[in-house]
>>> print(open('data37.txt').read())   # compact mmCIF, C-alpha atoms
# COMPACT_ATOMS: atom_id res chain seq x y z
CA MET B 24 0.00 0.00 0.00
CA ILE B 25 2.66 2.49 1.09
CA ILE B 26 4.86 1.52 -1.84
CA GLU B 27 2.00 2.16 -4.26
CA VAL B 28 1.28 5.56 -2.78
CA ARG B 29 4.97 6.41 -2.94
CA ARG B 30 5.13 5.31 -6.56
CA ALA B 31 2.07 7.42 -7.44
CA ILE B 32 3.55 10.53 -5.80
CA ALA B 33 6.88 9.97 -7.56
CA SER B 34 5.25 9.71 -10.97
CA LEU B 35 3.12 12.77 -10.22
CA VAL B 36 6.21 14.80 -9.38
CA ILE B 37 7.97 13.64 -12.55
CA LEU B 38 4.90 14.53 -14.59
CA MET B 39 4.75 17.96 -12.97
CA VAL B 40 8.43 18.53 -13.69
CA PHE B 41 8.05 17.91 -17.38
CA SER B 42 4.70 19.44 -18.24
CA PRO B 43 5.69 23.07 -17.51
CA ALA B 44 9.02 22.44 -19.19
CA LEU B 45 7.26 21.34 -22.36
CA LEU B 46 5.07 24.42 -22.13
CA ALA B 47 8.21 26.52 -21.79
CA GLU B 48 9.48 25.26 -25.15
CA ASN B 49 6.20 26.25 -26.76
CA ALA B 50 6.32 29.64 -25.10
CA ASP B 51 9.77 30.10 -26.55
CA ALA B 52 8.27 29.90 -30.02
CA GLN B 53 5.45 32.36 -29.47
CA GLN B 54 6.99 35.52 -28.12
CA ASP B 55 3.85 37.54 -27.54
CA GLY B 56 3.63 38.58 -23.92
CA ALA B 57 4.11 36.60 -20.73
CA PRO B 58 3.39 32.85 -20.86
CA ILE B 59 1.60 32.94 -17.48
CA ASP B 60 -0.70 35.65 -16.21
CA VAL B 61 0.54 35.85 -12.61
CA MET B 62 -1.96 38.33 -11.19
CA GLY B 63 -4.77 36.75 -13.21
CA LYS B 64 -4.43 33.64 -11.05
CA VAL B 65 -5.45 35.52 -7.91
CA THR B 66 -7.66 38.39 -9.05
CA ASN B 67 -11.39 38.47 -9.49
CA HIS B 68 -12.89 37.51 -12.87
CA ASP B 69 -16.19 37.67 -14.65
CA TYR B 70 -15.92 33.94 -15.37
CA PHE B 71 -15.73 30.83 -13.26
CA GLU B 72 -12.88 28.54 -14.16
CA LEU B 73 -13.31 24.78 -14.20
CA PRO B 74 -10.72 22.19 -15.17
CA TRP B 75 -12.40 21.74 -18.57
CA GLY B 76 -13.29 25.32 -19.41
CA LYS B 77 -14.75 28.62 -18.36
CA VAL B 78 -18.29 29.43 -17.30
CA TYR B 79 -19.17 33.07 -17.84
CA LEU B 80 -21.05 34.69 -15.01
CA PRO B 81 -23.93 37.14 -15.20
CA ARG B 82 -23.32 40.88 -15.07
CA ILE B 83 -25.67 43.06 -13.06
CA LEU B 84 -24.98 46.74 -13.58
CA TYR B 85 -26.67 49.81 -12.19
CA SER B 86 -26.10 52.92 -14.23
CA GLY B 87 -28.02 56.15 -14.63
CA GLY B 88 -30.98 55.02 -12.55
CA GLU B 89 -31.51 51.77 -14.46
CA MET B 90 -30.61 48.16 -13.79
CA TYR B 91 -29.07 46.07 -16.56
CA PHE B 92 -28.94 42.28 -16.51
CA TYR B 93 -26.77 40.26 -18.86
CA SER B 94 -25.88 36.58 -18.77
CA SER B 95 -22.22 37.36 -19.49
CA THR B 96 -19.84 40.20 -20.33
CA GLU B 97 -20.07 39.25 -23.99
CA ARG B 98 -23.85 39.67 -23.96
CA ALA B 99 -23.42 43.09 -22.36
CA LEU B 100 -21.14 44.10 -25.21
CA GLU B 101 -23.49 42.68 -27.85
CA SER B 102 -26.42 44.70 -26.54
CA GLY B 103 -24.60 47.91 -27.45
CA GLU B 104 -25.38 49.58 -24.15
CA PHE B 105 -21.87 49.02 -22.84
CA ILE B 106 -18.45 49.16 -24.41
CA ALA B 107 -15.21 47.66 -23.14
CA GLU B 108 -12.50 50.11 -22.26
CA GLU B 109 -8.84 49.35 -21.73
CA GLY B 110 -8.02 49.20 -18.02
CA ALA B 111 -11.50 50.26 -16.86
CA GLY B 112 -13.62 47.25 -17.81
CA LEU B 113 -17.11 48.09 -19.00
CA VAL B 114 -18.39 51.64 -19.53
CA ARG B 115 -21.69 52.95 -20.86
CA TYR B 116 -21.70 53.86 -24.55
CA ASP B 117 -22.64 57.48 -23.75
CA GLY B 118 -19.93 57.82 -21.09
CA GLU B 119 -22.28 57.65 -18.13
CA PRO B 120 -20.43 56.03 -15.21
CA ILE B 121 -21.57 52.72 -13.77
CA THR B 122 -22.89 53.63 -10.33
CA MET B 123 -22.87 50.13 -8.95
CA ASP B 124 -21.41 46.92 -10.30
CA LEU B 125 -23.36 44.10 -8.68
CA SER B 126 -22.00 41.47 -11.04
CA ILE B 127 -21.50 37.95 -9.79
CA THR B 128 -17.78 37.23 -9.89
CA SER B 129 -15.63 34.17 -9.39
CA HIS B 130 -14.63 35.11 -5.84
CA LEU B 131 -18.25 35.59 -4.91
CA ILE B 132 -19.01 32.08 -6.16
CA TYR B 133 -16.29 30.69 -3.88
CA VAL B 134 -17.65 32.65 -0.93
CA TRP B 135 -21.08 31.14 -1.61
CA PHE B 136 -19.58 27.66 -2.00
CA SER B 137 -17.83 27.80 1.33
CA LEU B 138 -20.86 29.23 3.09
CA ILE B 139 -23.08 26.50 1.63
CA VAL B 140 -20.61 23.78 2.64
CA THR B 141 -20.36 25.30 6.13
CA PHE B 142 -24.13 25.33 6.38
CA ILE B 143 -24.50 21.73 5.17
CA ILE B 144 -21.85 20.37 7.57
CA THR B 145 -23.34 22.21 10.52
CA PHE B 146 -26.91 21.39 9.59
CA LEU B 147 -26.20 17.65 9.19
CA ALA B 148 -24.30 17.54 12.47
CA GLY B 149 -27.03 19.53 14.22
CA ARG B 150 -29.70 17.15 13.01
CA LYS B 151 -27.79 14.19 14.43
CA TYR B 152 -27.44 15.93 17.78
CA LYS B 153 -31.18 16.56 17.83
CA ARG B 154 -31.75 12.84 17.45
CA GLY B 155 -29.58 12.32 20.50
CA ILE B 156 -26.44 10.93 18.85
CA GLY B 157 -23.50 12.56 20.57
CA ARG B 158 -25.58 13.70 23.53
CA ASP B 159 -27.07 10.52 24.94
CA ILE B 160 -24.55 8.21 23.30
CA GLU B 161 -21.05 8.86 21.96
CA PRO B 162 -20.74 10.63 18.56
CA LYS B 163 -20.88 8.27 15.59
CA GLY B 164 -19.41 8.58 12.12
CA ALA B 165 -16.65 10.72 10.59
CA LEU B 166 -18.76 13.85 10.15
CA LEU B 167 -19.92 14.07 13.72
CA ASN B 168 -16.49 13.30 15.15
CA MET B 169 -14.82 15.95 13.01
CA PHE B 170 -17.53 18.47 13.82
CA GLU B 171 -17.22 17.84 17.52
CA ALA B 172 -13.42 18.08 17.49
CA LEU B 173 -13.59 21.40 15.64
CA PHE B 174 -16.40 22.85 17.71
CA VAL B 175 -14.87 21.89 21.03
CA PHE B 176 -11.54 23.32 19.87
CA ILE B 177 -13.13 26.68 19.03
CA ARG B 178 -15.10 26.71 22.27
CA ASP B 179 -12.30 25.72 24.64
CA GLN B 180 -9.21 27.18 22.99
CA ILE B 181 -10.65 30.45 21.70
CA ALA B 182 -13.97 31.41 23.24
CA LYS B 183 -13.44 30.17 26.80
CA GLU B 184 -9.86 31.36 26.86
CA PHE B 185 -10.40 34.97 25.84
CA ILE B 186 -14.03 35.83 26.58
CA GLN B 187 -15.37 36.27 30.07
CA GLU B 188 -16.57 33.08 31.72
CA ASP B 189 -20.30 33.90 31.88
CA LYS B 190 -20.61 35.40 28.37
CA TYR B 191 -18.54 33.30 26.02
CA GLU B 192 -21.33 30.93 25.06
CA LYS B 193 -23.27 33.21 22.73
CA PHE B 194 -20.15 34.01 20.69
CA VAL B 195 -19.15 30.39 20.03
CA PRO B 196 -21.52 29.97 17.02
CA TYR B 197 -20.13 33.10 15.36
CA LEU B 198 -16.50 32.12 15.93
CA TYR B 199 -17.16 28.59 14.72
CA THR B 200 -18.87 29.83 11.56
CA ILE B 201 -16.13 32.25 10.54
CA PHE B 202 -13.45 29.67 11.27
CA LEU B 203 -15.02 27.01 9.07
CA ALA B 204 -16.00 29.45 6.30
CA ILE B 205 -12.55 31.07 6.13
CA THR B 206 -10.83 27.69 6.21
CA LEU B 207 -12.91 26.49 3.26
CA MET B 208 -12.36 29.73 1.34
CA ASN B 209 -8.61 29.45 1.90
CA LEU B 210 -8.49 25.80 0.95
CA PHE B 211 -10.29 26.47 -2.34
CA GLY B 212 -7.19 28.45 -3.28
CA LEU B 213 -5.17 25.21 -3.27
CA LEU B 214 -7.00 23.91 -6.34
CA PRO B 215 -4.97 24.81 -9.43
CA TRP B 216 -7.83 26.34 -11.38
CA ALA B 217 -9.69 27.86 -8.44
CA ALA B 218 -8.88 30.97 -6.44
CA ALA B 219 -8.96 31.78 -2.74
CA ALA B 220 -11.79 34.24 -2.16
CA THR B 221 -9.88 35.57 0.83
CA ALA B 222 -7.19 36.84 -1.56
CA ASN B 223 -9.64 39.67 -2.25
CA LEU B 224 -9.60 42.68 0.06
CA THR B 225 -13.36 43.17 -0.30
CA VAL B 226 -14.08 39.71 1.12
CA THR B 227 -11.72 40.03 4.07
CA ALA B 228 -12.90 43.59 4.75
CA THR B 229 -16.50 42.37 4.89
CA LEU B 230 -15.55 39.59 7.29
CA ALA B 231 -13.63 42.05 9.46
CA PHE B 232 -16.56 44.46 9.36
CA ILE B 233 -18.86 41.74 10.71
CA THR B 234 -16.42 41.14 13.54
CA PHE B 235 -16.34 44.90 14.13
CA LEU B 236 -20.14 45.02 14.36
CA VAL B 237 -20.29 42.06 16.74
CA THR B 238 -17.58 43.61 18.89
CA GLN B 239 -19.21 47.03 19.14
CA VAL B 240 -22.77 45.82 19.56
CA SER B 241 -21.84 43.51 22.42
CA GLY B 242 -19.45 45.99 24.04
CA SER B 243 -19.98 46.50 27.75
CA LYS B 244 -20.24 49.86 29.50
CA ASP B 245 -16.65 49.48 30.63
CA HIS B 246 -15.60 49.13 26.99
CA TRP B 247 -17.17 52.48 26.10
CA ARG B 248 -15.84 54.10 29.22
CA HIS B 249 -12.37 53.01 28.21
CA VAL B 250 -12.85 54.58 24.80
CA PHE B 251 -14.32 57.96 25.76
CA ALA B 252 -13.16 58.50 29.33
CA PHE B 253 -10.25 56.29 30.20
CA PRO B 254 -10.40 55.75 33.97
CA GLY B 255 -7.49 56.75 36.13
CA VAL B 256 -5.79 59.33 33.93
CA PRO B 257 -5.76 63.13 34.39
CA LYS B 258 -8.41 65.04 32.44
CA TRP B 259 -6.03 66.80 30.03
CA ALA B 260 -4.63 63.44 28.88
CA LEU B 261 -8.07 62.49 27.53
CA ILE B 262 -7.60 65.01 24.67
CA ILE B 263 -4.88 62.74 23.31
CA LEU B 264 -6.17 59.44 24.61
CA THR B 265 -9.75 59.54 23.31
CA PRO B 266 -8.86 60.05 19.62
CA VAL B 267 -6.25 57.29 19.89
CA GLU B 268 -8.81 54.96 21.44
CA ILE B 269 -11.40 55.78 18.78
CA LEU B 270 -8.78 55.16 16.09
CA GLY B 271 -7.96 51.89 17.84
CA LEU B 272 -11.54 50.71 17.34
CA PHE B 273 -11.04 50.89 13.57
CA THR B 274 -7.44 49.76 13.24
CA LYS B 275 -8.24 46.39 14.81
CA PRO B 276 -10.61 45.18 12.06
CA PHE B 277 -8.43 46.92 9.47
CA ALA B 278 -5.39 44.90 10.54
CA LEU B 279 -7.58 41.79 10.61
CA ALA B 280 -8.62 42.33 6.99
CA ILE B 281 -5.15 43.22 5.71
CA ARG B 282 -3.52 40.26 7.44
CA LEU B 283 -5.76 37.62 5.92
CA PHE B 284 -5.73 39.31 2.52
CA ALA B 285 -1.95 39.68 2.27
CA ASN B 286 -1.25 36.16 3.48
CA MET B 287 -3.63 34.51 1.04
CA LEU B 288 -2.57 36.72 -1.87
CA SER B 289 1.14 36.03 -1.43
CA GLY B 290 0.80 32.24 -1.40
CA LYS B 291 -0.39 31.70 -4.93
CA ILE B 292 1.72 34.51 -6.39
CA MET B 293 4.80 32.86 -4.89
CA ILE B 294 3.93 29.45 -6.37
CA VAL B 295 3.26 30.90 -9.81
CA CYS B 296 6.44 32.99 -9.69
CA ILE B 297 8.62 30.04 -8.73
CA LEU B 298 7.11 27.94 -11.52
CA GLY B 299 7.74 30.96 -13.74
CA LEU B 300 11.45 30.65 -13.02
CA ILE B 301 11.42 27.64 -15.38
CA PHE B 302 10.43 30.02 -18.16
CA VAL B 303 13.05 32.56 -17.09
CA PHE B 304 15.77 29.89 -17.13
CA THR B 305 14.60 28.61 -20.51
CA GLU B 306 14.75 32.13 -21.88
CA LEU B 307 18.22 32.79 -20.49
CA PHE B 308 20.08 29.49 -20.90
CA GLY B 309 18.05 27.48 -23.39
CA ALA B 310 15.51 24.67 -23.10
CA ALA B 311 17.87 21.97 -21.76
CA ILE B 312 18.86 23.88 -18.63
CA GLY B 313 15.29 25.10 -18.24
CA VAL B 314 14.00 21.51 -18.13
CA ALA B 315 16.80 20.37 -15.84
CA SER B 316 16.23 23.20 -13.37
CA GLY B 317 12.53 22.37 -13.45
CA ILE B 318 13.08 19.44 -11.08
CA PHE B 319 14.36 21.84 -8.45
CA TRP B 320 11.61 24.43 -8.90
CA VAL B 321 8.83 21.86 -8.87
CA LEU B 322 10.11 20.29 -5.65
CA LEU B 323 10.25 23.78 -4.15
CA THR B 324 6.68 24.36 -5.32
CA VAL B 325 5.51 21.14 -3.69
CA ALA B 326 7.07 22.27 -0.41
CA LEU B 327 5.44 25.68 -0.79
CA TYR B 328 2.12 24.03 -1.52
CA PHE B 329 2.19 22.20 1.80
CA LEU B 330 3.20 25.44 3.50
CA LYS B 331 0.22 27.11 1.85
CA ALA B 332 -2.13 24.43 3.13
CA LEU B 333 -0.72 25.05 6.59
CA VAL B 334 -1.02 28.82 6.20
CA ALA B 335 -4.65 28.45 5.11
CA LEU B 336 -5.48 26.77 8.41
CA ILE B 337 -3.27 29.05 10.52
CA GLN B 338 -4.73 32.23 9.05
CA ALA B 339 -8.29 31.04 9.60
CA TYR B 340 -7.32 30.21 13.17
CA VAL B 341 -5.65 33.59 13.61
CA PHE B 342 -8.67 35.47 12.27
CA THR B 343 -10.95 33.58 14.65
CA LEU B 344 -8.52 33.95 17.54
CA LEU B 345 -8.23 37.70 17.10
CA SER B 346 -11.99 38.05 16.68
CA GLY B 347 -12.33 36.21 19.96
CA VAL B 348 -9.72 38.43 21.61
CA PHE B 349 -11.36 41.65 20.40
CA ILE B 350 -14.82 40.49 21.44
CA GLY B 351 -13.41 39.40 24.77
CA MET B 352 -11.82 42.82 25.29
CA ALA B 353 -15.09 44.56 24.47
CA VAL B 354 -17.43 42.49 26.64
CA GLU B 355 -15.09 42.39 29.60
CA GLU B 356 -16.21 44.11 32.76
CA HIS B 357 -13.68 45.35 35.25
CA HIS B 358 -14.50 44.36 38.75
CA HIS B 359 -11.57 46.04 40.44
CA GLU B 360 -12.71 49.65 40.23
CA HIS B 361 -16.53 49.49 40.30
CA GLU B 362 -17.18 46.56 42.50
CA GLU B 363 -20.79 47.47 43.25
CA THR B 364 -21.87 48.87 39.85
CA SER B 365 -20.50 46.15 37.57
CA VAL B 366 -22.92 43.60 38.99
CA ALA B 367 -25.80 45.89 38.11
CA HIS B 368 -24.45 46.25 34.56
CA ALA B 369 -24.43 42.59 33.73
CA PRO B 370 -28.13 42.10 32.84
CA ASP B 371 -28.42 45.10 30.52
CA VAL B 372 -25.34 44.03 28.56
CA ALA B 373 -27.08 40.77 27.83
CA THR B 374 -30.20 42.54 26.59
CA GLN B 375 -28.12 44.98 24.55
CA HIS B 376 -26.81 42.13 22.45
CA ASN B 377 -30.20 40.62 21.80
CA MET G 3 12.45 57.53 -6.30
CA SER G 4 9.41 55.66 -5.07
CA TYR G 5 11.11 52.39 -6.02
CA ILE G 6 14.02 53.27 -3.74
CA ALA G 7 11.61 54.16 -0.95
CA ALA G 8 9.67 50.93 -1.42
CA GLY G 9 12.84 48.84 -1.47
CA PHE G 10 14.26 50.42 1.66
CA GLY G 11 10.86 50.25 3.33
CA ALA G 12 10.48 46.54 2.61
CA GLY G 13 13.99 45.90 3.92
CA ILE G 14 13.39 47.78 7.16
CA ILE G 15 10.04 46.01 7.64
CA ALA G 16 11.68 42.61 7.17
CA LEU G 17 14.43 43.53 9.64
CA ALA G 18 12.04 44.81 12.28
CA ALA G 19 9.57 41.94 11.92
CA ALA G 20 12.38 39.38 12.01
CA PHE G 21 13.75 41.01 15.16
CA GLY G 22 10.35 41.01 16.84
CA ILE G 23 9.43 37.46 15.94
CA GLY G 24 12.95 36.32 16.81
CA MET G 25 12.57 37.80 20.29
CA ILE G 26 9.25 35.99 20.73
CA GLY G 27 10.72 32.70 19.54
CA LYS G 28 13.73 33.09 21.80
CA SER G 29 11.77 33.73 24.94
CA ALA G 30 9.14 31.11 24.05
CA THR G 31 11.70 28.34 23.52
CA GLU G 32 13.50 29.38 26.70
CA SER G 33 10.25 29.26 28.65
CA ILE G 34 9.30 25.88 27.21
CA ALA G 35 12.74 24.51 28.05
CA ARG G 36 12.38 25.77 31.61
CA GLN G 37 8.79 24.61 32.05
CA PRO G 38 7.87 21.96 29.49
CA GLU G 39 4.44 21.30 31.03
CA ALA G 40 3.30 24.86 30.14
CA ALA G 41 4.19 24.38 26.45
CA GLY G 42 0.57 24.63 25.26
CA ASP G 43 -0.15 27.95 26.95
CA ILE G 44 3.19 29.40 25.88
CA ARG G 45 2.58 28.38 22.29
CA GLY G 46 -0.78 30.14 22.27
CA ALA G 47 0.67 33.34 23.71
CA MET G 48 3.57 33.14 21.25
CA LEU G 49 1.26 32.83 18.27
CA LEU G 50 -0.92 35.72 19.43
CA THR G 51 2.05 38.07 19.84
CA ALA G 52 3.63 36.99 16.57
CA VAL G 53 0.35 37.68 14.82
CA PHE G 54 0.28 41.26 16.09
CA ILE G 55 3.78 41.88 14.77
CA GLU G 56 2.83 40.27 11.48
CA GLY G 57 -0.16 42.61 11.18
CA VAL G 58 1.98 45.73 11.54
CA ALA G 59 4.60 44.34 9.16
CA LEU G 60 1.97 43.55 6.54
CA ILE G 61 0.52 47.05 6.71
CA GLY G 62 4.05 48.35 6.06
CA ALA G 63 4.43 45.92 3.19
CA ILE G 64 1.15 47.13 1.66
CA VAL G 65 2.42 50.72 1.87
CA CYS G 66 5.58 49.63 0.05
CA ILE G 67 3.55 47.90 -2.66
CA ILE G 68 1.45 51.05 -3.09
CA LEU G 69 4.66 53.10 -3.39
CA ALA G 70 6.21 50.71 -5.90
CA LEU G 71 3.10 50.53 -8.07
CA GLY G 72 2.72 54.30 -7.96
CA ILE G 73 -0.92 54.18 -6.89
CA GLY G 74 -2.28 57.59 -5.95
CA GLN G 75 0.29 59.70 -7.79
>>> encode(input="data37.txt", output="structure tokens")
Amino acid sequence: MIIEVRRAIASLVILMVFSPALLAENADAQQDGAPIDVMGKVTNHDYFELPWGKVYLPRILYSGGEMYFYSSTERALESGEFIAEEGAGLVRYDGEPITMDLSITSHLIYVWFSLIVTFIITFLAGRKYKRGIGRDIEPKGALLNMFEALFVFIRDQIAKEFIQEDKYEKFVPYLYTIFLAITLMNLFGLLPWAAAATANLTVTATLAFITFLVTQVSGSKDHWRHVFAFPGVPKWALIILTPVEILGLFTKPFALAIRLFANMLSGKIMIVCILGLIFVFTELFGAAIGVASGIFWVLLTVALYFLKALVALIQAYVFTLLSGVFIGMAVEEHHHEHEETSVAHAPDVATQHN
Amino acid sequence: MSYIAAGFGAGIIALAAAFGIGMIGKSATESIARQPEAAGDIRGAMLLTAVFIEGVALIGAIVCIILALGIGQ
């Protein structure tokens, strides 16, 4: 068994070494432009790429007070209402700007995919728990065991650790959902034809914005007191401290968005660039050295690929962890200074969230 | 000019981030060696601190990319 697996991996590596090298020889012949579109591998597109071809996605455009629906970019061009412009995408034929581009794009499809998969996993597991499997008896089957391991990990290692003892429970579902959804979005980026939706700043900014909302809505009175009137400092210091604290509210989700975005963007670019070195070597020293060096670059790519799989999980964990930390900081109540009032605060914080 | 700025910026970011994460790694390994039973807690704290440094470094890197690509000029 192990020998067979080893043999399969070895032949896969050999195949991967030679297929880009063969492509490189072809690229040598046709000199028009770069052989690989590096940024195209990670950016958003108006088509959905599958191993056997492209599926064009609908365009929904709002311009000049009217909505336009087209089944693809090509249809939009055929209708004559829109023309393609270099570097700007679609524009109206009479120069009117597109107010809102609500088109369905490839990254959006991956976001939907991961949300649907998250929903299905959770729904199936939840249905089993309702029937009593896992509550009355031990969890059965791969799905339930994996679900329970993940859920307990999020609850014990993130929620319980960083959020106050009596309040962590209502945040566990949110933390669990973003962890699973971000993990799936990141892992989609490992497929050669697919793209990680989290390599798009819009997606990560939206996720961070949700965390921001949850944090602020569930913030305790102590959280707001710390922002607007930091306790225990002289009054004149508040002139400096309050703007810094208000800025701090926004830099936290900003850093959250940038971190996930930059990490997921760099992974695929790095892999494509290192594979691109085969083409560079072929160009510089001829096909023979290009093919020979390919063995080295492909092995490096395989190592990077495993690193990327690891990074996908770590970044999802980090996003969830920091969400938990920020929520924990916001809902925390300080017992040391207002011993008698903080007890009275507790019930209205709970109602504030609902 | 902006290329020079971006190059120097990226270098300084790498230096600073490497220094910060190196300090974390140093003290974390020392603590684990001294108290191996607390390895789990130390690893969590290490990751959290490293992540904060990474966040700042990445914001710097984004500024360098913006400089190098000449966005906003």
>>> closest_atom_pairs(input="data37.txt", of="chain B", to="chain G", cutoff="7 Å", atoms="only C-alpha atoms", output="tab-separated table")
residue	atom	partner	partner_atom	distance
B:Ala278	CA	G:Gly57	CA	5.7
B:Ile281	CA	G:Ile61	CA	6.9
B:Arg282	CA	G:Gly57	CA	5.5
B:Ala285	CA	G:Leu60	CA	7.0
>>> atom_distance(input="data37.txt", atom1="CA of Met293 (chain B)", atom2="CA of Ile32 (chain B)")
22.4 Å
>>> atom_distance(input="data37.txt", atom1="CA of Lys151 (chain B)", atom2="CA of Ile181 (chain B)")
24.7 Å
>>> atom_distance(input="data37.txt", atom1="CA of Val175 (chain B)", atom2="CA of Phe277 (chain B)")
28.3 Å
>>> residues_around(input="data37.txt", residues="region 8-18 of chain G", least_positions_apart="2", cutoff="9 Å", atoms="only C-alpha atoms", output="PDB file with C-alpha atoms, in the coordinates of the input")
ATOM      1  CA  MET G   3      12.450  57.530  -6.300  1.00  0.00           C
ATOM      2  CA  SER G   4       9.410  55.660  -5.070  1.00  0.00           C
ATOM      3  CA  TYR G   5      11.110  52.390  -6.020  1.00  0.00           C
ATOM      4  CA  ILE G   6      14.020  53.270  -3.740  1.00  0.00           C
ATOM      5  CA  ALA G  20      12.380  39.380  12.010  1.00  0.00           C
ATOM      6  CA  PHE G  21      13.750  41.010  15.160  1.00  0.00           C
ATOM      7  CA  GLY G  22      10.350  41.010  16.840  1.00  0.00           C
ATOM      8  CA  ILE G  23       9.430  37.460  15.940  1.00  0.00           C
ATOM      9  CA  VAL G  58       1.980  45.730  11.540  1.00  0.00           C
ATOM     10  CA  ALA G  59       4.600  44.340   9.160  1.00  0.00           C
ATOM     11  CA  LEU G  60       1.970  43.550   6.540  1.00  0.00           C
ATOM     12  CA  GLY G  62       4.050  48.350   6.060  1.00  0.00           C
ATOM     13  CA  ALA G  63       4.430  45.920   3.190  1.00  0.00           C
ATOM     14  CA  VAL G  65       2.420  50.720   1.870  1.00  0.00           C
ATOM     15  CA  CYS G  66       5.580  49.630   0.050  1.00  0.00           C
ATOM     16  CA  ILE G  67       3.550  47.900  -2.660  1.00  0.00           C
ATOM     17  CA  ILE G  68       1.450  51.050  -3.090  1.00  0.00           C
ATOM     18  CA  LEU G  69       4.660  53.100  -3.390  1.00  0.00           C
ATOM     19  CA  ALA G  70       6.210  50.710  -5.900  1.00  0.00           C
TER      20      ALA G  70
END
>>> closest_residue(input="data37.txt", among="G:Ala41, G:Ile55, G:Met48, G:Leu71", to="Ile26 (chain G)", atoms="all atoms listed in the file")
G:Met48
>>> closest_atom_pairs(input="data37.txt", of="region 170-208 of chain B", to="region 328-348 of chain B", cutoff="9 Å", atoms="all atoms listed in the file", output="JSON lines")
{"residue": "B:Ile177", "atom": "CA", "partner": "B:Thr343", "partner_atom": "CA", "distance": 8.5}
{"residue": "B:Gln180", "atom": "CA", "partner": "B:Leu344", "partner_atom": "CA", "distance": 8.7}
{"residue": "B:Ile181", "atom": "CA", "partner": "B:Leu344", "partner_atom": "CA", "distance": 5.8}
{"residue": "B:Ala182", "atom": "CA", "partner": "B:Gly347", "partner_atom": "CA", "distance": 6.0}
{"residue": "B:Glu184", "atom": "CA", "partner": "B:Gly347", "partner_atom": "CA", "distance": 8.8}
{"residue": "B:Phe185", "atom": "CA", "partner": "B:Val348", "partner_atom": "CA", "distance": 5.5}
{"residue": "B:Ile186", "atom": "CA", "partner": "B:Gly347", "partner_atom": "CA", "distance": 6.8}
{"residue": "B:Phe194", "atom": "CA", "partner": "B:Gly347", "partner_atom": "CA", "distance": 8.2}
{"residue": "B:Val195", "atom": "CA", "partner": "B:Gly347", "partner_atom": "CA", "distance": 9.0}
{"residue": "B:Leu198", "atom": "CA", "partner": "B:Thr343", "partner_atom": "CA", "distance": 5.9}
{"residue": "B:Tyr199", "atom": "CA", "partner": "B:Thr343", "partner_atom": "CA", "distance": 8.0}
{"residue": "B:Ile201", "atom": "CA", "partner": "B:Thr343", "partner_atom": "CA", "distance": 6.7}
{"residue": "B:Phe202", "atom": "CA", "partner": "B:Ala339", "partner_atom": "CA", "distance": 5.6}
{"residue": "B:Leu203", "atom": "CA", "partner": "B:Ala339", "partner_atom": "CA", "distance": 7.9}
{"residue": "B:Ala204", "atom": "CA", "partner": "B:Ala339", "partner_atom": "CA", "distance": 8.5}
{"residue": "B:Ile205", "atom": "CA", "partner": "B:Ala339", "partner_atom": "CA", "distance": 5.5}
{"residue": "B:Thr206", "atom": "CA", "partner": "B:Ala339", "partner_atom": "CA", "distance": 5.4}
{"residue": "B:Leu207", "atom": "CA", "partner": "B:Ala335", "partner_atom": "CA", "distance": 8.7}
{"residue": "B:Met208", "atom": "CA", "partner": "B:Ala335", "partner_atom": "CA", "distance": 8.7}
>>> residues_around(input="data37.txt", residues="Leu147 (chain B)", least_positions_apart="4", cutoff="12 Å", atoms="all atoms listed in the file", output="number ranges by chain")
B: 140-143, 151-154, 156, 164-167, 170
>>> residues_around(input="data37.txt", residues="Tyr79 (chain B)", least_positions_apart="2", cutoff="8 Å", atoms="only C-alpha atoms", output="list in words")
Asp69, Tyr70, Phe71, Lys77, Pro81, Ser94, Ser95 and Thr96 of chain B
